[in-house]
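This report concerns only the one structure given below.
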Amino acid sequence: MTQTLRTDVLIIGAGLAGSLLAWRLIQAGKSVHILHNPKLTSASRVAAGLINPVTGQRLVLQENIEVLLPAAHALYQQLEEQFHTQFFFEKDMLRSLQHDKAKLAWKKRQLDSAYQHYICEIPSSPDVIKQSQTGYLDTNALLDALHGYFQQYNCLTEGDAQQHDIQVHQSAQYHLQWKHITASTVVFCQGWREINNKFFSFLPFQPAKGEILHLSTPNKLPEHIINQGKWLLPLNDGNFKIGATYQSNTNDEQTTEEGKKELLTALKSMPIEQQNITLTNHQAGIRPNTLDKQPFLGMHPKHKNIAIFNGFGSKGSLLIPWYSKSMCGHLIHGTALPGHADIKRFACV
Ligand SMILES: Cc1cc2nc3c(=O)[nH]c(=O)nc-3n(C[C@H](O)[C@H](O)[C@H](O)COP(=O)(O)OP(=O)(O)OC[C@H]3O[C@@H](n4cnc5c(N)ncnc54)[C@H](O)[C@@H]3O)c2cc1C
């Protein structure tokens with residue numbers, strides 16, 4: 001018979017959200033157990049991991065970038081030291097101002113001092129700007145390292161968390177039970193699949209599918225990340241990625257011929273030698289986007305020991321480090337969550 005396992009926090013889902021939150025809680029001295037189903041696709045395993053403070057045709061600077069970026073750098077550096085592996089790669093980005101909207105936005109942003117650290121002009125190319133403090137997180141390498149660590153300390157279990165398997169005991173110290181695991185608190189980090197979670201069905205998720213291609217070339221790759229609406233991310237040894245498509249209102253995670261065609265068409269206008277390019281992989285995943293474009297953090301309005309840490313949309317690599325610190329403080333010390341992210345904003349439901 002399997003022995004009962006007691007833990008402070010049971011985390012469901014081991015994508016970037018669940019894994020980084022688990023890491024922070026363990027560092028803070030909590031006992032943690034993580035349950036995940038490796039047979040399910042994880043957006044974190046598909047993501048290019050791009051970090052980009054200024055996004056969209058209107059060149060919008062990410063809110064709270066002054067705290068988000070340092071938190072991301074600090075956490076990834078700490079993890080790089082722990083695992084003796086580089087996970088975060090700084091790389092400038094060249095962005096084409098193809099449309100009038102983008103050109104107009106750039107005119108405005110040039111006058112705004114908040115943007116000075118992040119964008120500058122390239123005098124020789126008036127329709128291209130250079131973005132700095134950009135780069136990418138190798139999410140697969142980081143997750144492999146973290147999962148290896150969790151396995152070593154016997155705190156990662158593979159399994160599917162079906163809701164009817166989770167029991168809530170109101171009186172006991174360890175309130176929640178999933179099969180042989182009892183926990184004081186459970187935190188759901190199931191990415192877009194949270195839409196099926198009855199505890200949090202009141203939250204307005206807006207999942208968005210995306211596809212990316214992995215390619216390789218014997219020719220020289222651009223030095224920078226290229227952003228022309230679709231992006232090209234140069235990697236090592238002639239490998240590169242191109243992405244991403246964006247499709248709302250679908251839960252289908254299959255790669256499609258249309259997605260491939262859209263990306264190969266975008267490739268044609270990229271500043272790269274077009275001959276001898278080989279397609280090596282094609283992936284699809286679903287981003288856990290939210291209606292108000294803010295993450296979903298906090299405790300269930302009725303079940304005080306059931307929490308959620310989710311909704312990082314298309315920006316998990318940038319957002320999760322800072323929000324996981326916030327969530328960790330909330331779970332351990334009861335410190336307030338940032339209002340814009342706290343699910344209390346929907347608690348009237
Ligand atoms: C094509 C594409 C490109 C992207 N590009 C970028 C990018 O360049 N930069 C960026 O920052 N972000 C990007 N993203 C977004 C990024 O992937 C997400 O913000 C982030 O990975 C979300 O992490 P998560 O842990 O919340 O979800 P996920 O990574 O989806 O993890 C969910 C986890 O929950 C588990 N799970 C779900 N249901 C169950 C269950 N019932 N039982 C047990 N386990 C379960 C899964 O196994 C998985 O481990 C991209 C996403 C896509 C799809």
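Labels used: A, B, ... for chains in the order of the structure tokens, numbers from 1 for residues in each chain, and numbers from 1 for ligands as shown.
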Subject >> Cut-off 7 Å, only C-alpha atoms and all ligand atoms, neighbours of ligand 1 as number ranges by chain >> reply: A: 12-18, 35-51, 159-162, 189-193, 209-212, 243-245, 284-288, 310-318
Original post:
If you count only C-alpha atoms, which residues fall within 12 Å of Asp144 of chain A, apart from same-chain ones fewer than 2 positions away, as a ChimeraX atom specification?
Top reply: /A:14-16,19,38,44-45,83,85,87,138-142,146-151
**OP:** Pick out each residue of segment 68-218 of chain A that DSSP on the backbone tags as alpha helix (DSSP H); I need them as a PyMOL selection string.
**Re:** chain A and resi 68-83+100-110+139-152
Convert the current residue selection to file output with C-alpha atoms, as a PDB file, in the first residue's frame.
ATOM      1  CA  LEU A  68       9.518  42.562 -13.758  1.00  0.00           C
ATOM      2  CA  LEU A  69      12.778  42.561 -15.703  1.00  0.00           C
ATOM      3  CA  PRO A  70      15.151  42.697 -12.696  1.00  0.00           C
ATOM      4  CA  ALA A  71      13.133  39.908 -11.021  1.00  0.00           C
ATOM      5  CA  ALA A  72      13.430  37.746 -14.147  1.00  0.00           C
ATOM      6  CA  HIS A  73      17.167  38.394 -14.492  1.00  0.00           C
ATOM      7  CA  ALA A  74      17.770  37.687 -10.787  1.00  0.00           C
ATOM      8  CA  LEU A  75      15.803  34.430 -10.724  1.00  0.00           C
ATOM      9  CA  TYR A  76      17.276  33.055 -13.963  1.00  0.00           C
ATOM     10  CA  GLN A  77      20.764  33.965 -12.762  1.00  0.00           C
ATOM     11  CA  GLN A  78      20.150  32.193  -9.455  1.00  0.00           C
ATOM     12  CA  LEU A  79      18.966  29.102 -11.338  1.00  0.00           C
ATOM     13  CA  GLU A  80      21.946  29.265 -13.719  1.00  0.00           C
ATOM     14  CA  GLU A  81      24.275  29.253 -10.703  1.00  0.00           C
ATOM     15  CA  GLN A  82      22.377  26.373  -9.110  1.00  0.00           C
ATOM     16  CA  PHE A  83      22.423  24.186 -12.225  1.00  0.00           C
ATOM     17  CA  ASP A 100       1.975  53.502 -40.545  1.00  0.00           C
ATOM     18  CA  LYS A 101       0.679  52.631 -37.071  1.00  0.00           C
ATOM     19  CA  ALA A 102       4.128  51.454 -35.992  1.00  0.00           C
ATOM     20  CA  LYS A 103       5.873  54.463 -37.597  1.00  0.00           C
ATOM     21  CA  LEU A 104       3.507  56.841 -35.820  1.00  0.00           C
ATOM     22  CA  ALA A 105       4.002  55.025 -32.522  1.00  0.00           C
ATOM     23  CA  TRP A 106       7.783  55.255 -32.913  1.00  0.00           C
ATOM     24  CA  LYS A 107       7.565  59.041 -33.482  1.00  0.00           C
ATOM     25  CA  LYS A 108       5.699  59.346 -30.166  1.00  0.00           C
ATOM     26  CA  ARG A 109       7.915  56.938 -28.246  1.00  0.00           C
ATOM     27  CA  GLN A 110      11.058  58.804 -29.295  1.00  0.00           C
ATOM     28  CA  THR A 139      12.430  27.069 -21.241  1.00  0.00           C
ATOM     29  CA  ASN A 140      13.032  23.398 -22.067  1.00  0.00           C
ATOM     30  CA  ALA A 141      16.521  23.389 -20.577  1.00  0.00           C
ATOM     31  CA  LEU A 142      15.260  25.164 -17.470  1.00  0.00           C
ATOM     32  CA  LEU A 143      12.282  22.824 -17.011  1.00  0.00           C
ATOM     33  CA  ASP A 144      14.483  19.752 -17.536  1.00  0.00           C
ATOM     34  CA  ALA A 145      16.862  21.004 -14.838  1.00  0.00           C
ATOM     35  CA  LEU A 146      14.053  21.849 -12.397  1.00  0.00           C
ATOM     36  CA  HIS A 147      12.172  18.591 -12.972  1.00  0.00           C
ATOM     37  CA  GLY A 148      15.423  16.650 -12.448  1.00  0.00           C
ATOM     38  CA  TYR A 149      15.890  18.515  -9.151  1.00  0.00           C
ATOM     39  CA  PHE A 150      12.298  17.846  -8.033  1.00  0.00           C
ATOM     40  CA  GLN A 151      12.670  14.158  -8.923  1.00  0.00           C
ATOM     41  CA  GLN A 152      15.914  13.927  -6.954  1.00  0.00           C
TER      42      GLN A 152
END
**OP:** Name the residues in contact with Asp237 of chain A at a cut-off of 12 Å, using only C-alpha atoms, excluding same-chain residues fewer than 5 positions from it; report them as an NGL selection string.
**Re:** :A and (215-221)
Original post:
Just how far from atom CA of Val187 of chain A is atom CA of Phe346 of chain A, in Å to one decimal?
Top reply: 17.8 Å
Original post:
Near Ile306 of chain A, within 8 Å and counting only C-alpha atoms, which residues show up once chain neighbours fewer than 2 positions away are dropped, as a VMD selection string?
Top reply: chain A and resid 185 to 188 299 to 300 303 to 304 308
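Here the question is which of A:Cys120, A:Met93, A:Leu337, A:Val32 gets nearest to Asn52 of chain A using only C-alpha atoms, and that residue is A:Met93.
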**OP:** Enumerate the residues of segment 12-230 of chain A with a DSSP assignment of strand (DSSP E or B), computed from the backbone, and present them as JSON, numbers by chain.
**Re:** {"A": [12, 32, 33, 34, 35, 36, 50, 51, 54, 55, 60, 61, 88, 89, 90, 93, 94, 95, 96, 119, 120, 121, 128, 129, 130, 131, 135, 136, 137, 156, 157, 158, 166, 167, 168, 176, 177, 178, 181, 182, 183, 184, 185, 186, 187, 188, 205, 208, 209, 210, 211, 212, 213, 214, 215, 216, 225, 226, 227, 228, 230]}
Selection to disk with C-alpha atoms, as a tab-separated table (two decimals), in the first residue's frame:
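Generated output (part09.tsv):
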chain	number	residue	atom	x	y	z
A	12	ILE	CA	-0.80	20.92	-9.93
A	32	VAL	CA	6.16	21.07	-1.79
A	33	HIS	CA	4.86	18.30	-4.00
A	34	ILE	CA	4.19	18.78	-7.70
A	35	LEU	CA	1.77	16.74	-9.73
A	36	HIS	CA	1.86	16.92	-13.50
A	50	LEU	CA	11.24	35.62	-25.77
A	51	ILE	CA	11.49	38.49	-23.33
A	54	VAL	CA	8.13	46.76	-25.81
A	55	THR	CA	5.52	44.90	-27.83
A	60	VAL	CA	3.71	49.51	-25.81
A	61	LEU	CA	6.08	49.34	-22.85
A	88	PHE	CA	18.70	33.13	-20.32
A	89	PHE	CA	20.35	34.62	-23.41
A	90	GLU	CA	20.42	38.36	-23.97
A	93	MET	CA	15.99	42.70	-31.44
A	94	LEU	CA	15.63	44.49	-34.77
A	95	ARG	CA	12.07	45.51	-35.42
A	96	SER	CA	10.75	46.66	-38.81
A	119	ILE	CA	14.48	51.25	-28.07
A	120	CYS	CA	16.77	53.31	-30.22
A	121	GLU	CA	16.92	54.31	-33.85
A	128	VAL	CA	14.05	49.62	-38.49
A	129	ILE	CA	14.55	50.23	-34.77
A	130	LYS	CA	16.74	48.39	-32.33
A	131	GLN	CA	15.24	47.06	-29.12
A	135	GLY	CA	16.46	38.01	-25.20
A	136	TYR	CA	15.11	34.53	-24.68
A	137	LEU	CA	14.79	31.90	-21.99
A	156	LEU	CA	7.41	15.36	-8.46
A	157	THR	CA	4.68	12.84	-9.25
A	158	GLU	CA	3.39	12.04	-12.72
A	166	ILE	CA	-9.32	15.91	-4.94
A	167	GLN	CA	-11.06	15.88	-1.58
A	168	VAL	CA	-11.46	18.89	0.68
A	176	LEU	CA	-6.72	18.56	0.85
A	177	GLN	CA	-6.15	15.11	-0.43
A	178	TRP	CA	-5.21	13.77	-3.86
A	181	ILE	CA	-0.96	13.02	-0.95
A	182	THR	CA	-2.40	15.34	1.70
A	183	ALA	CA	-1.64	19.05	1.63
A	184	SER	CA	-2.44	22.22	3.56
A	185	THR	CA	-2.79	24.15	0.33
A	186	VAL	CA	-3.22	23.22	-3.30
A	187	VAL	CA	-2.18	25.60	-6.08
A	188	PHE	CA	-3.50	25.04	-9.59
A	205	PHE	CA	-9.57	32.74	-19.57
A	208	ALA	CA	-4.90	31.36	-27.75
A	209	LYS	CA	-3.26	28.70	-29.86
A	210	GLY	CA	0.16	29.27	-31.41
A	211	GLU	CA	2.42	27.35	-33.77
A	212	ILE	CA	6.15	27.72	-34.32
A	213	LEU	CA	8.70	26.18	-36.68
A	214	HIS	CA	12.24	25.00	-35.91
A	215	LEU	CA	14.58	25.29	-38.88
A	216	SER	CA	18.24	24.99	-39.70
A	225	ILE	CA	16.28	38.57	-33.08
A	226	ILE	CA	14.24	39.81	-36.04
A	227	ASN	CA	10.73	41.09	-35.44
A	228	GLN	CA	8.51	41.81	-38.44
A	230	LYS	CA	6.40	37.35	-36.95
Original post:
How many Å separate atom CA of Asp165 of chain A from atom CA of Lys179 of chain A?
Top reply: 6.6 Å
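Residue nearest Trp23 of chain A, chosen from A:Asn281, A:Thr335, A:Asn197, A:Ser324 and counting only C-alpha atoms: A:Ser324.
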Subject >> All residues 9 Å or closer to Tyr323 of chain A, only C-alpha atoms, same chain fewer than 6 positions away omitted, as a list of chain:residue names >> reply: A:Leu21, A:Leu68, A:Pro295, A:Leu297, A:Phe309, A:Leu337, A:Pro338, A:Ala341
Any chance you can output those residues with N, CA, C and O atoms as a short mmCIF file (atom, residue, chain, number, x, y, z; two decimals), in the first residue's frame?
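Output saved as selection-v7.cif:
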data_model
loop_
_atom_site.label_atom_id
_atom_site.label_comp_id
_atom_site.auth_asym_id
_atom_site.auth_seq_id
_atom_site.Cartn_x
_atom_site.Cartn_y
_atom_site.Cartn_z
N LEU A 21 7.15 28.49 -9.21
CA LEU A 21 6.54 28.71 -7.90
C LEU A 21 7.04 27.65 -6.91
O LEU A 21 7.37 27.97 -5.76
N LEU A 68 9.64 43.89 -13.14
CA LEU A 68 9.52 42.56 -13.76
C LEU A 68 10.86 42.08 -14.32
O LEU A 68 11.26 40.93 -14.10
N PRO A 295 -2.58 38.48 -15.08
CA PRO A 295 -2.54 37.11 -14.55
C PRO A 295 -3.65 36.85 -13.54
O PRO A 295 -4.27 37.79 -13.04
N LEU A 297 -4.05 35.30 -9.94
CA LEU A 297 -3.36 34.83 -8.74
C LEU A 297 -4.32 34.92 -7.56
O LEU A 297 -5.09 35.88 -7.48
N PHE A 309 -2.43 30.01 -9.73
CA PHE A 309 -1.28 30.81 -10.17
C PHE A 309 -1.19 30.56 -11.67
O PHE A 309 -0.64 29.56 -12.11
N LEU A 337 -1.52 40.43 -2.51
CA LEU A 337 -1.15 40.24 -3.92
C LEU A 337 -1.38 41.56 -4.65
O LEU A 337 -2.23 42.35 -4.23
N PRO A 338 -0.67 41.78 -5.75
CA PRO A 338 -0.97 43.01 -6.51
C PRO A 338 -2.43 42.98 -6.98
O PRO A 338 -2.88 41.97 -7.53
N ALA A 341 -3.72 41.67 -10.32
CA ALA A 341 -3.56 40.25 -10.63
C ALA A 341 -4.39 39.36 -9.70
O ALA A 341 -4.67 38.20 -10.02
#
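We find atom CA of Leu263 of chain A and atom CA of Gln206 of chain A to be spaced 22.9 Å apart.
Using only C-alpha atoms for every distance, the candidate list A:Glu273, A:Pro321, A:Gln247, A:Phe199 yields A:Phe199 as the residue closest to Lys302 of chain A.
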Quick one: residues within 10 Å of Ile332 of chain A, only C-alpha atoms, excluding same-chain residues fewer than 5 positions away - as a PDB file with N, CA and C atoms, in the first residue's frame?
ATOM      1  N   ASP A   8       3.222  20.721   2.637  1.00  0.00           N
ATOM      2  CA  ASP A   8       2.593  22.028   2.870  1.00  0.00           C
ATOM      3  C   ASP A   8       1.779  22.426   1.642  1.00  0.00           C
ATOM      4  N   LEU A  25       9.022  28.302  -3.352  1.00  0.00           N
ATOM      5  CA  LEU A  25       8.493  27.827  -2.068  1.00  0.00           C
ATOM      6  C   LEU A  25       9.508  26.923  -1.369  1.00  0.00           C
ATOM      7  N   ALA A  28      12.103  28.872   0.198  1.00  0.00           N
ATOM      8  CA  ALA A  28      11.607  29.560   1.402  1.00  0.00           C
ATOM      9  C   ALA A  28      11.347  28.576   2.541  1.00  0.00           C
ATOM     10  N   GLY A  29      11.676  27.306   2.333  1.00  0.00           N
ATOM     11  CA  GLY A  29      11.595  26.327   3.419  1.00  0.00           C
ATOM     12  C   GLY A  29      10.299  25.544   3.495  1.00  0.00           C
ATOM     13  N   LYS A  30       9.440  25.667   2.507  1.00  0.00           N
ATOM     14  CA  LYS A  30       8.169  24.927   2.531  1.00  0.00           C
ATOM     15  C   LYS A  30       8.351  23.531   1.927  1.00  0.00           C
ATOM     16  N   MET A 327       3.385  35.574  -5.133  1.00  0.00           N
ATOM     17  CA  MET A 327       2.500  34.457  -4.738  1.00  0.00           C
ATOM     18  C   MET A 327       3.097  33.708  -3.556  1.00  0.00           C
TER      19      MET A 327
END
